[in-house]
Amino acid sequence: MTPRGTQILRLAASGAAAGVLLAAIALPTVGGAGAGFMAAANEVNLKPADLREPPPAEVTIVRDAHGGVIARFYEEYREVVGLDEIAPVMRTAIVAIEDFRFYEHGAIDLEGTLRALATNLQSGRVSQGGSSITQQYVKQVLLNSAETQQERDAALAPTYARKLNELRYAMGIEKKYTKDQILEKYLNIAYFGASAYGVEAAARRFFGISAAELTLPQAATLAGAVQDPNATDPNLGTQQRERLLKRRNVVLDRMAELGEITKEQAATAKAAKLGYKGTKLPGGCEASKYPYFCLYVRHEILGNPAFGATAEARLARLNRGGLTIETTLDPAMQSAADRAIKRYVRASDRPVASEALVEPGTGAIKAMAASRRFGADADENEISYNVVADAAHGGGAGFQAGSTFKTFTLITALKEGLRLDDGLEAGAGYRAPAYSTFRTCAGSNIGDPSHTVTNDEGSPGWKSLRTGTWASVNTFFMELEERVGLCDTVKTAKALGVRRADGKKLREFETFTLGINEMDPVTLAGAYAAIAARGEYCAPMAITRITDRDGRTTRYRPKCRQALEPPIADAAADVLSGVFTQGTMSGYGGIGRDAAGKTGTTDDYAAAWFAGFTPDLASAVSLGDPRGSQRYKLTGVTIGGRYYGAVQGATIPGPIWRDTMIAALRTVPPSEFVPIDSSRFGGCRSSCRPEPEKKPEEEKEDGEPEAGTSASPAPSPSATATSANPQR
């Protein structure tokens, strides 16, 4: 360096000591570098400046109902810890290699700055940092708080103006905090490589331990990594690990040189292997043990304006906010659902079984399970969306719900005064009248008289509300819906929270009662849970409490309303309980306590369902092929290693439901349904079963007529889109 340059450095040092670093440089400059330096010095007033310090991005943790971790969301994997939670040897190592006079100087390390400045003036560019730990903290804050690419570029720009600006902020930081506080903040914000931000995340990522447990060689490794974390990122390969090992040894030598450790300790530590474990980072939903519930929670946050005015703001809060999200998921009930599904459907099967468990009276989602793994690898038969939920919670289009919708027609009949033994004559086939009495809620006539609904395996004849439901007779429910009204049936379903999985309006056709609308298990389980709760509908909920990084807690309570009169819900539960004793599930047995439910099989076996409840828990199970249920039917299929000619609601979904509920409720004392109000619903009002006609002596009295058949013409395009023919 020239004598002239040395004079400039000495003057700069004296000016810094007076708090006006470089403002005192009034001598002729040295080359182009000096000119740039002078220009920057004139632009910046070197007085302490207040730095805006938004908290660094921190991991959001999602917990189950018992406190277990379900998932972590983050933009930067970071866990903020106090200085007392960081091993003393780690603090010593970082100070030794980055700023060994940290506890002695102010905002600026004059010796380090002058040394770097000399190198920079000689090279004509900023090629050496010389920054104190405080200055490095300032740089990280500016980088982490940058909201645009322009701001990020400015935080990294190799210019004198940027360095001088950092000095102003560093002076303000030194006035605001103690040295220990600054060191704590720096260790929590620094990037160490391998996607680990902050010393706690780095300790776990590199060595599988907490920052408090770091040993000398481990601490030296992390201290060495901060200088150039990308070049020494051990996750990138052998070359980077070799660089990191050399850098670790540099730190150990420096610690010995400063007397922080002995030469013998340094030698022993240098002989140790790098020891990088590459502990897998806790990821989002794909890495979660409960991916579908995790997706539901994530979309609850991203879709709720209460968490931010824009989608971007909500995502930032989720990924950067350091929230603790407590949820409704019950691990034991989740395990019960997982085991039951695996018993009947394999992950490699094309059809997917999905199940949701919802608590009556709160809407709390206790479990969400599916047979297929969640992920983006189609070759591994993974599924990339939330097959258990609706589109608003990361789901898809769902599957037609089939005969599970007959429950809403049953309830409508009860609302309109019919008694349990009231009934009607159900034919072998049903066609909408030429001048249809079906009207949508908009007042439009609807109905396709060219399409015939048949019972297939069901039997025609006189059916009551009980027997028509137990046998799931299609033509009975078409007649019943015609009598009670299509719109009233739709309104009943809506009152119980029913909506299409894709978020579109419910399709209001005469076959509504046969389940032509695509549903998801969470929504249907929530509707049936309302019957279990004696008519109180509670919107499905997954989040109970959120605590932010500052300890502020927001509690979330059930959103409930009375959708049905309790006696009507009791009567519906009474009818549906017969499905297990005298109906489509009678061959499979009950669950050892009061239970009610309904099977559902859609037109041509496109999908199969079972939805049911006890007073304590409701569940819905669906089965369908996500490639397209109308194209890939549940006929001639092998599921769970067993061949099925055709799959109905009682074939697979029913047994899954049964096994799940038995296990999920094992520790829950059994509750009983409230008996029906016999004065209101007992017997029949007017449409009682007719007395059988006396037959000639020569004729056999063989009860109900045999099931007839009805030729059904090819449905019109509208009929194809709207019809369904659920089975038992």
# chains A, B, ... in the order shown; residues from 1 in each chain; ligands from 1

$ residues_around --residues "range 347-360 of chain A" --least-positions-apart "4" --cutoff "7 Å" --atoms "only C-alpha atoms" --output "PDB file with N, CA, C and O atoms, in the first residue's frame"
ATOM      1  N   ILE A 341     -58.969 -49.348   7.337  1.00  0.00           N
ATOM      2  CA  ILE A 341     -58.847 -49.183   5.884  1.00  0.00           C
ATOM      3  C   ILE A 341     -57.820 -50.162   5.319  1.00  0.00           C
ATOM      4  O   ILE A 341     -58.067 -50.825   4.300  1.00  0.00           O
ATOM      5  N   ALA A 364     -65.767 -31.443  15.737  1.00  0.00           N
ATOM      6  CA  ALA A 364     -64.328 -31.710  15.767  1.00  0.00           C
ATOM      7  C   ALA A 364     -63.982 -32.907  14.883  1.00  0.00           C
ATOM      8  O   ALA A 364     -64.539 -33.992  15.043  1.00  0.00           O
ATOM      9  N   ILE A 365     -63.054 -32.696  13.950  1.00  0.00           N
ATOM     10  CA  ILE A 365     -62.594 -33.788  13.090  1.00  0.00           C
ATOM     11  C   ILE A 365     -61.571 -34.591  13.876  1.00  0.00           C
ATOM     12  O   ILE A 365     -60.481 -34.096  14.190  1.00  0.00           O
ATOM     13  N   LYS A 366     -61.898 -35.814  14.181  1.00  0.00           N
ATOM     14  CA  LYS A 366     -61.036 -36.648  15.007  1.00  0.00           C
ATOM     15  C   LYS A 366     -60.023 -37.446  14.195  1.00  0.00           C
ATOM     16  O   LYS A 366     -58.982 -37.854  14.720  1.00  0.00           O
ATOM     17  N   ALA A 367     -60.326 -37.690  12.928  1.00  0.00           N
ATOM     18  CA  ALA A 367     -59.401 -38.458  12.093  1.00  0.00           C
ATOM     19  C   ALA A 367     -59.756 -38.273  10.629  1.00  0.00           C
ATOM     20  O   ALA A 367     -60.917 -38.037  10.282  1.00  0.00           O
ATOM     21  N   MET A 368     -58.741 -38.367   9.781  1.00  0.00           N
ATOM     22  CA  MET A 368     -58.909 -38.357   8.330  1.00  0.00           C
ATOM     23  C   MET A 368     -57.916 -39.361   7.765  1.00  0.00           C
ATOM     24  O   MET A 368     -56.707 -39.201   7.930  1.00  0.00           O
ATOM     25  N   ALA A 369     -58.439 -40.393   7.129  1.00  0.00           N
ATOM     26  CA  ALA A 369     -57.576 -41.482   6.667  1.00  0.00           C
ATOM     27  C   ALA A 369     -57.906 -41.860   5.232  1.00  0.00           C
ATOM     28  O   ALA A 369     -59.019 -41.650   4.759  1.00  0.00           O
ATOM     29  N   ALA A 370     -56.936 -42.429   4.555  1.00  0.00           N
ATOM     30  CA  ALA A 370     -57.129 -42.913   3.187  1.00  0.00           C
ATOM     31  C   ALA A 370     -56.190 -44.073   2.932  1.00  0.00           C
ATOM     32  O   ALA A 370     -55.141 -44.200   3.574  1.00  0.00           O
ATOM     33  N   SER A 371     -56.574 -44.915   1.984  1.00  0.00           N
ATOM     34  CA  SER A 371     -55.766 -46.097   1.683  1.00  0.00           C
ATOM     35  C   SER A 371     -54.516 -45.759   0.892  1.00  0.00           C
ATOM     36  O   SER A 371     -53.528 -46.487   0.944  1.00  0.00           O
ATOM     37  N   ARG A 372     -54.549 -44.668   0.148  1.00  0.00           N
ATOM     38  CA  ARG A 372     -53.433 -44.298  -0.721  1.00  0.00           C
ATOM     39  C   ARG A 372     -52.514 -43.314  -0.005  1.00  0.00           C
ATOM     40  O   ARG A 372     -52.983 -42.414   0.705  1.00  0.00           O
ATOM     41  N   ARG A 373     -51.213 -43.451  -0.197  1.00  0.00           N
ATOM     42  CA  ARG A 373     -50.259 -42.494   0.357  1.00  0.00           C
ATOM     43  C   ARG A 373     -50.390 -41.150  -0.342  1.00  0.00           C
ATOM     44  O   ARG A 373     -50.646 -41.085  -1.541  1.00  0.00           O
ATOM     45  N   ASN A 381     -48.047 -44.885  -6.982  1.00  0.00           N
ATOM     46  CA  ASN A 381     -49.491 -44.888  -6.737  1.00  0.00           C
ATOM     47  C   ASN A 381     -49.891 -43.904  -5.636  1.00  0.00           C
ATOM     48  O   ASN A 381     -50.868 -44.118  -4.908  1.00  0.00           O
ATOM     49  N   VAL A 387     -57.978 -36.460  -0.678  1.00  0.00           N
ATOM     50  CA  VAL A 387     -59.100 -37.288  -1.115  1.00  0.00           C
ATOM     51  C   VAL A 387     -60.188 -37.403  -0.043  1.00  0.00           C
ATOM     52  O   VAL A 387     -61.304 -37.823  -0.323  1.00  0.00           O
ATOM     53  N   VAL A 388     -59.875 -36.989   1.187  1.00  0.00           N
ATOM     54  CA  VAL A 388     -60.847 -37.098   2.273  1.00  0.00           C
ATOM     55  C   VAL A 388     -61.701 -35.837   2.400  1.00  0.00           C
ATOM     56  O   VAL A 388     -62.743 -35.854   3.050  1.00  0.00           O
ATOM     57  N   PRO A 521     -65.875 -37.267   2.394  1.00  0.00           N
ATOM     58  CA  PRO A 521     -66.198 -37.874   3.686  1.00  0.00           C
ATOM     59  C   PRO A 521     -66.353 -36.883   4.837  1.00  0.00           C
ATOM     60  O   PRO A 521     -67.201 -37.087   5.706  1.00  0.00           O
ATOM     61  N   VAL A 522     -65.554 -35.824   4.881  1.00  0.00           N
ATOM     62  CA  VAL A 522     -65.669 -34.868   5.991  1.00  0.00           C
ATOM     63  C   VAL A 522     -67.054 -34.236   6.010  1.00  0.00           C
ATOM     64  O   VAL A 522     -67.714 -34.148   7.053  1.00  0.00           O
ATOM     65  N   ALA A 525     -69.796 -36.872   6.876  1.00  0.00           N
ATOM     66  CA  ALA A 525     -69.707 -37.243   8.294  1.00  0.00           C
ATOM     67  C   ALA A 525     -70.259 -36.120   9.167  1.00  0.00           C
ATOM     68  O   ALA A 525     -70.926 -36.373  10.178  1.00  0.00           O
ATOM     69  N   GLY A 526     -70.005 -34.875   8.780  1.00  0.00           N
ATOM     70  CA  GLY A 526     -70.536 -33.743   9.532  1.00  0.00           C
ATOM     71  C   GLY A 526     -72.049 -33.700   9.502  1.00  0.00           C
ATOM     72  O   GLY A 526     -72.701 -33.371  10.508  1.00  0.00           O
ATOM     73  N   ALA A 529     -73.298 -36.448  11.722  1.00  0.00           N
ATOM     74  CA  ALA A 529     -73.019 -36.107  13.120  1.00  0.00           C
ATOM     75  C   ALA A 529     -74.123 -35.229  13.688  1.00  0.00           C
ATOM     76  O   ALA A 529     -74.427 -35.280  14.885  1.00  0.00           O
ATOM     77  N   ALA A 530     -74.735 -34.409  12.838  1.00  0.00           N
ATOM     78  CA  ALA A 530     -75.828 -33.547  13.296  1.00  0.00           C
ATOM     79  C   ALA A 530     -77.037 -34.365  13.742  1.00  0.00           C
ATOM     80  O   ALA A 530     -77.739 -33.990  14.690  1.00  0.00           O
ATOM     81  N   ALA A 532     -76.814 -37.373  15.005  1.00  0.00           N
ATOM     82  CA  ALA A 532     -76.377 -37.943  16.284  1.00  0.00           C
ATOM     83  C   ALA A 532     -76.496 -36.933  17.417  1.00  0.00           C
ATOM     84  O   ALA A 532     -76.775 -37.305  18.560  1.00  0.00           O
ATOM     85  N   ALA A 533     -76.287 -35.653  17.106  1.00  0.00           N
ATOM     86  CA  ALA A 533     -76.359 -34.589  18.111  1.00  0.00           C
ATOM     87  C   ALA A 533     -77.773 -34.059  18.273  1.00  0.00           C
ATOM     88  O   ALA A 533     -77.969 -32.927  18.706  1.00  0.00           O
ATOM     89  N   ASP A 616     -71.835 -40.620  20.136  1.00  0.00           N
ATOM     90  CA  ASP A 616     -70.540 -40.040  20.469  1.00  0.00           C
ATOM     91  C   ASP A 616     -69.627 -39.769  19.278  1.00  0.00           C
ATOM     92  O   ASP A 616     -68.664 -39.013  19.395  1.00  0.00           O
ATOM     93  N   LEU A 617     -69.895 -40.385  18.146  1.00  0.00           N
ATOM     94  CA  LEU A 617     -68.974 -40.251  17.014  1.00  0.00           C
ATOM     95  C   LEU A 617     -69.687 -40.575  15.705  1.00  0.00           C
ATOM     96  O   LEU A 617     -70.509 -41.496  15.664  1.00  0.00           O
ATOM     97  N   ALA A 618     -69.352 -39.817  14.673  1.00  0.00           N
ATOM     98  CA  ALA A 618     -69.897 -40.075  13.333  1.00  0.00           C
ATOM     99  C   ALA A 618     -68.749 -40.312  12.371  1.00  0.00           C
ATOM    100  O   ALA A 618     -67.627 -39.828  12.581  1.00  0.00           O
ATOM    101  N   SER A 619     -69.036 -41.057  11.315  1.00  0.00           N
ATOM    102  CA  SER A 619     -67.994 -41.357  10.336  1.00  0.00           C
ATOM    103  C   SER A 619     -68.626 -41.583   8.970  1.00  0.00           C
ATOM    104  O   SER A 619     -69.757 -42.044   8.871  1.00  0.00           O
ATOM    105  N   ALA A 620     -67.873 -41.253   7.944  1.00  0.00           N
ATOM    106  CA  ALA A 620     -68.295 -41.546   6.572  1.00  0.00           C
ATOM    107  C   ALA A 620     -67.119 -42.151   5.829  1.00  0.00           C
ATOM    108  O   ALA A 620     -65.986 -41.666   5.940  1.00  0.00           O
ATOM    109  N   VAL A 621     -67.388 -43.206   5.073  1.00  0.00           N
ATOM    110  CA  VAL A 621     -66.364 -43.915   4.304  1.00  0.00           C
ATOM    111  C   VAL A 621     -66.771 -43.911   2.839  1.00  0.00           C
ATOM    112  O   VAL A 621     -67.903 -44.249   2.497  1.00  0.00           O
ATOM    113  N   SER A 622     -65.841 -43.526   1.974  1.00  0.00           N
ATOM    114  CA  SER A 622     -66.100 -43.576   0.532  1.00  0.00           C
ATOM    115  C   SER A 622     -65.108 -44.514  -0.136  1.00  0.00           C
ATOM    116  O   SER A 622     -64.002 -44.735   0.373  1.00  0.00           O
ATOM    117  N   LEU A 623     -65.510 -45.045  -1.280  1.00  0.00           N
ATOM    118  CA  LEU A 623     -64.628 -45.896  -2.069  1.00  0.00           C
ATOM    119  C   LEU A 623     -64.892 -45.599  -3.545  1.00  0.00           C
ATOM    120  O   LEU A 623     -66.029 -45.677  -4.011  1.00  0.00           O
ATOM    121  N   GLY A 624     -63.848 -45.233  -4.259  1.00  0.00           N
ATOM    122  CA  GLY A 624     -63.987 -44.937  -5.680  1.00  0.00           C
ATOM    123  C   GLY A 624     -62.628 -44.822  -6.327  1.00  0.00           C
ATOM    124  O   GLY A 624     -61.597 -44.756  -5.648  1.00  0.00           O
ATOM    125  N   ASP A 625     -62.606 -44.797  -7.633  1.00  0.00           N
ATOM    126  CA  ASP A 625     -61.350 -44.710  -8.382  1.00  0.00           C
ATOM    127  C   ASP A 625     -61.084 -43.254  -8.745  1.00  0.00           C
ATOM    128  O   ASP A 625     -61.855 -42.641  -9.488  1.00  0.00           O
ATOM    129  N   PRO A 626     -60.007 -42.657  -8.243  1.00  0.00           N
ATOM    130  CA  PRO A 626     -59.733 -41.239  -8.512  1.00  0.00           C
ATOM    131  C   PRO A 626     -59.396 -40.945  -9.971  1.00  0.00           C
ATOM    132  O   PRO A 626     -59.379 -39.778 -10.373  1.00  0.00           O
ATOM    133  N   ILE A 639     -59.628 -55.810  -4.846  1.00  0.00           N
ATOM    134  CA  ILE A 639     -59.359 -54.802  -3.822  1.00  0.00           C
ATOM    135  C   ILE A 639     -58.929 -55.514  -2.549  1.00  0.00           C
ATOM    136  O   ILE A 639     -59.594 -56.451  -2.098  1.00  0.00           O
TER     137      ILE A 639
END

$ residues_around --residues "Ser384 in chain A" --least-positions-apart "6" --cutoff "7 Å" --atoms "only C-alpha atoms" --output "JSON, numbers by chain"
{"A": [374, 375, 376]}

$ residues_around --residues "Gly654 in chain A" --least-positions-apart "2" --cutoff "9 Å" --atoms "only C-alpha atoms" --output "list in words"
Met585, Tyr588, Lys598, Thr599, Trp609, Phe610, Ala611, Val621, Gln648, Gly649, Ala650, Thr651, Ile652, Ile656, Trp657, Arg658 and Asp659 of chain A

$ closest_residue --among "A:Pro282, A:Gly592, A:Gly322, A:Gly275" --to "Ser195 in chain A" --atoms "only C-alpha atoms"
A:Pro282

$ atom_distance --atom1 "CA of Ala493 in chain A" --atom2 "CA of Glu565 in chain A"
14.3 Å

$ select_by_dssp --residues "range 486-580 of chain A" --states "strand (DSSP E)" --output "VMD selection string"
chain A and resid 518 to 519 536 to 538 543 to 547 553 to 555 560 to 562

$ write_last_selection --atoms "C-alpha atoms" --output "compact mmCIF listing (two decimals), in the first residue's frame"
# COMPACT_ATOMS: atom_id res chain seq x y z
CA GLU A 518 -70.33 -35.63 -5.48
CA MET A 519 -69.34 -35.48 -1.83
CA GLU A 536 -77.49 -29.70 16.17
CA TYR A 537 -75.25 -29.14 13.16
CA CYS A 538 -71.67 -28.10 13.90
CA ILE A 543 -58.17 -26.06 14.77
CA THR A 544 -58.85 -25.42 18.45
CA ARG A 545 -56.15 -22.91 19.38
CA ILE A 546 -53.33 -20.90 17.79
CA THR A 547 -50.50 -19.34 19.78
CA THR A 553 -53.39 -17.24 22.06
CA THR A 554 -56.59 -17.34 20.03
CA ARG A 555 -59.13 -20.06 20.80
CA CYS A 560 -73.12 -24.84 15.79
CA ARG A 561 -76.79 -24.26 15.08
CA GLN A 562 -79.99 -26.23 15.53

$ atom_distance --atom1 "CA of Glu58 in chain A" --atom2 "CA of Leu183 in chain A"
17.9 Å

$ atom_distance --atom1 "CA of Ile209 in chain A" --atom2 "CA of Asp180 in chain A"
22.9 Å

$ select_by_dssp --residues "range 578-647 of chain A" --states "alpha helix (DSSP H)" --output "JSON, numbers by chain"
{"A": [578, 579, 580, 581]}

$ residues_around --residues "range 65-74 of chain A" --least-positions-apart "2" --cutoff "6 Å" --atoms "only C-alpha atoms" --output "short mmCIF file (atom, residue, chain, number, x, y, z; two decimals) with N, CA, C and O atoms, in the first residue's frame"
data_model
loop_
_atom_site.label_atom_id
_atom_site.label_comp_id
_atom_site.auth_asym_id
_atom_site.auth_seq_id
_atom_site.Cartn_x
_atom_site.Cartn_y
_atom_site.Cartn_z
N VAL A 59 -40.43 -21.53 12.29
CA VAL A 59 -41.24 -22.69 11.98
C VAL A 59 -42.59 -22.64 12.69
O VAL A 59 -42.67 -22.31 13.87
N THR A 60 -43.65 -22.95 11.96
CA THR A 60 -44.97 -23.14 12.54
C THR A 60 -45.16 -24.62 12.84
O THR A 60 -44.91 -25.47 11.97
N ILE A 61 -45.60 -24.93 14.05
CA ILE A 61 -45.76 -26.32 14.48
C ILE A 61 -47.24 -26.64 14.64
O ILE A 61 -47.99 -25.87 15.25
N VAL A 62 -47.66 -27.76 14.07
CA VAL A 62 -49.04 -28.23 14.18
C VAL A 62 -49.06 -29.43 15.11
O VAL A 62 -48.29 -30.38 14.93
N ARG A 63 -49.95 -29.39 16.11
CA ARG A 63 -50.01 -30.46 17.11
C ARG A 63 -51.39 -31.14 17.11
O ARG A 63 -52.39 -30.51 16.78
N GLU A 76 -38.24 -20.91 6.01
CA GLU A 76 -36.87 -21.16 6.46
C GLU A 76 -36.97 -22.00 7.72
O GLU A 76 -37.65 -21.60 8.67
N TYR A 77 -36.30 -23.14 7.73
CA TYR A 77 -36.37 -23.99 8.91
C TYR A 77 -35.54 -23.36 10.02
O TYR A 77 -34.32 -23.37 10.00
N GLY A 283 -40.84 -31.85 7.52
CA GLY A 283 -41.46 -31.14 6.40
C GLY A 283 -42.91 -30.82 6.63
O GLY A 283 -43.42 -30.89 7.75
N GLY A 284 -43.60 -30.49 5.55
CA GLY A 284 -45.01 -30.16 5.60
C GLY A 284 -45.85 -31.42 5.56
O GLY A 284 -45.49 -32.46 6.12
N SER A 288 -45.76 -35.68 6.81
CA SER A 288 -46.55 -35.89 8.02
C SER A 288 -47.07 -37.31 8.11
O SER A 288 -47.37 -37.95 7.10
N ASN A 319 -45.94 -19.88 7.06
CA ASN A 319 -44.59 -20.39 6.83
C ASN A 319 -43.50 -19.64 7.59
O ASN A 319 -42.39 -20.15 7.73
N ARG A 320 -43.81 -18.43 8.07
CA ARG A 320 -42.78 -17.62 8.73
C ARG A 320 -43.15 -17.21 10.14
O ARG A 320 -42.30 -16.71 10.89
N THR A 327 -54.85 -28.78 17.37
CA THR A 327 -55.93 -29.30 16.54
C THR A 327 -56.78 -30.35 17.27
O THR A 327 -56.52 -30.71 18.41
N THR A 328 -57.77 -30.83 16.54
CA THR A 328 -58.74 -31.79 17.08
C THR A 328 -58.35 -33.24 16.87
O THR A 328 -59.03 -34.14 17.36
N LEU A 329 -57.30 -33.50 16.12
CA LEU A 329 -56.98 -34.88 15.73
C LEU A 329 -56.69 -35.75 16.95
O LEU A 329 -55.88 -35.39 17.80
N ASP A 330 -57.35 -36.90 17.00
CA ASP A 330 -57.15 -37.87 18.07
C ASP A 330 -56.31 -39.02 17.53
O ASP A 330 -56.78 -39.78 16.66
#

$ residues_around --residues "Pro54 in chain A" --least-positions-apart "2" --cutoff "7 Å" --atoms "only C-alpha atoms" --output "ChimeraX atom specification"
/A:52,56,145

$ closest_residue --among "A:Asp99, A:Lys246, A:Ile173, A:Tyr197" --to "Val81 in chain A" --atoms "only C-alpha atoms"
A:Tyr197

$ closest_residue --among "A:Ala563, A:Ala471, A:Ala608, A:Ala501" --to "Ala391 in chain A" --atoms "only C-alpha atoms"
A:Ala501

$ closest_residue --among "A:Met478, A:Gly427, A:Pro48, A:Gln136" --to "Ser459 in chain A" --atoms "only C-alpha atoms"
A:Gly427
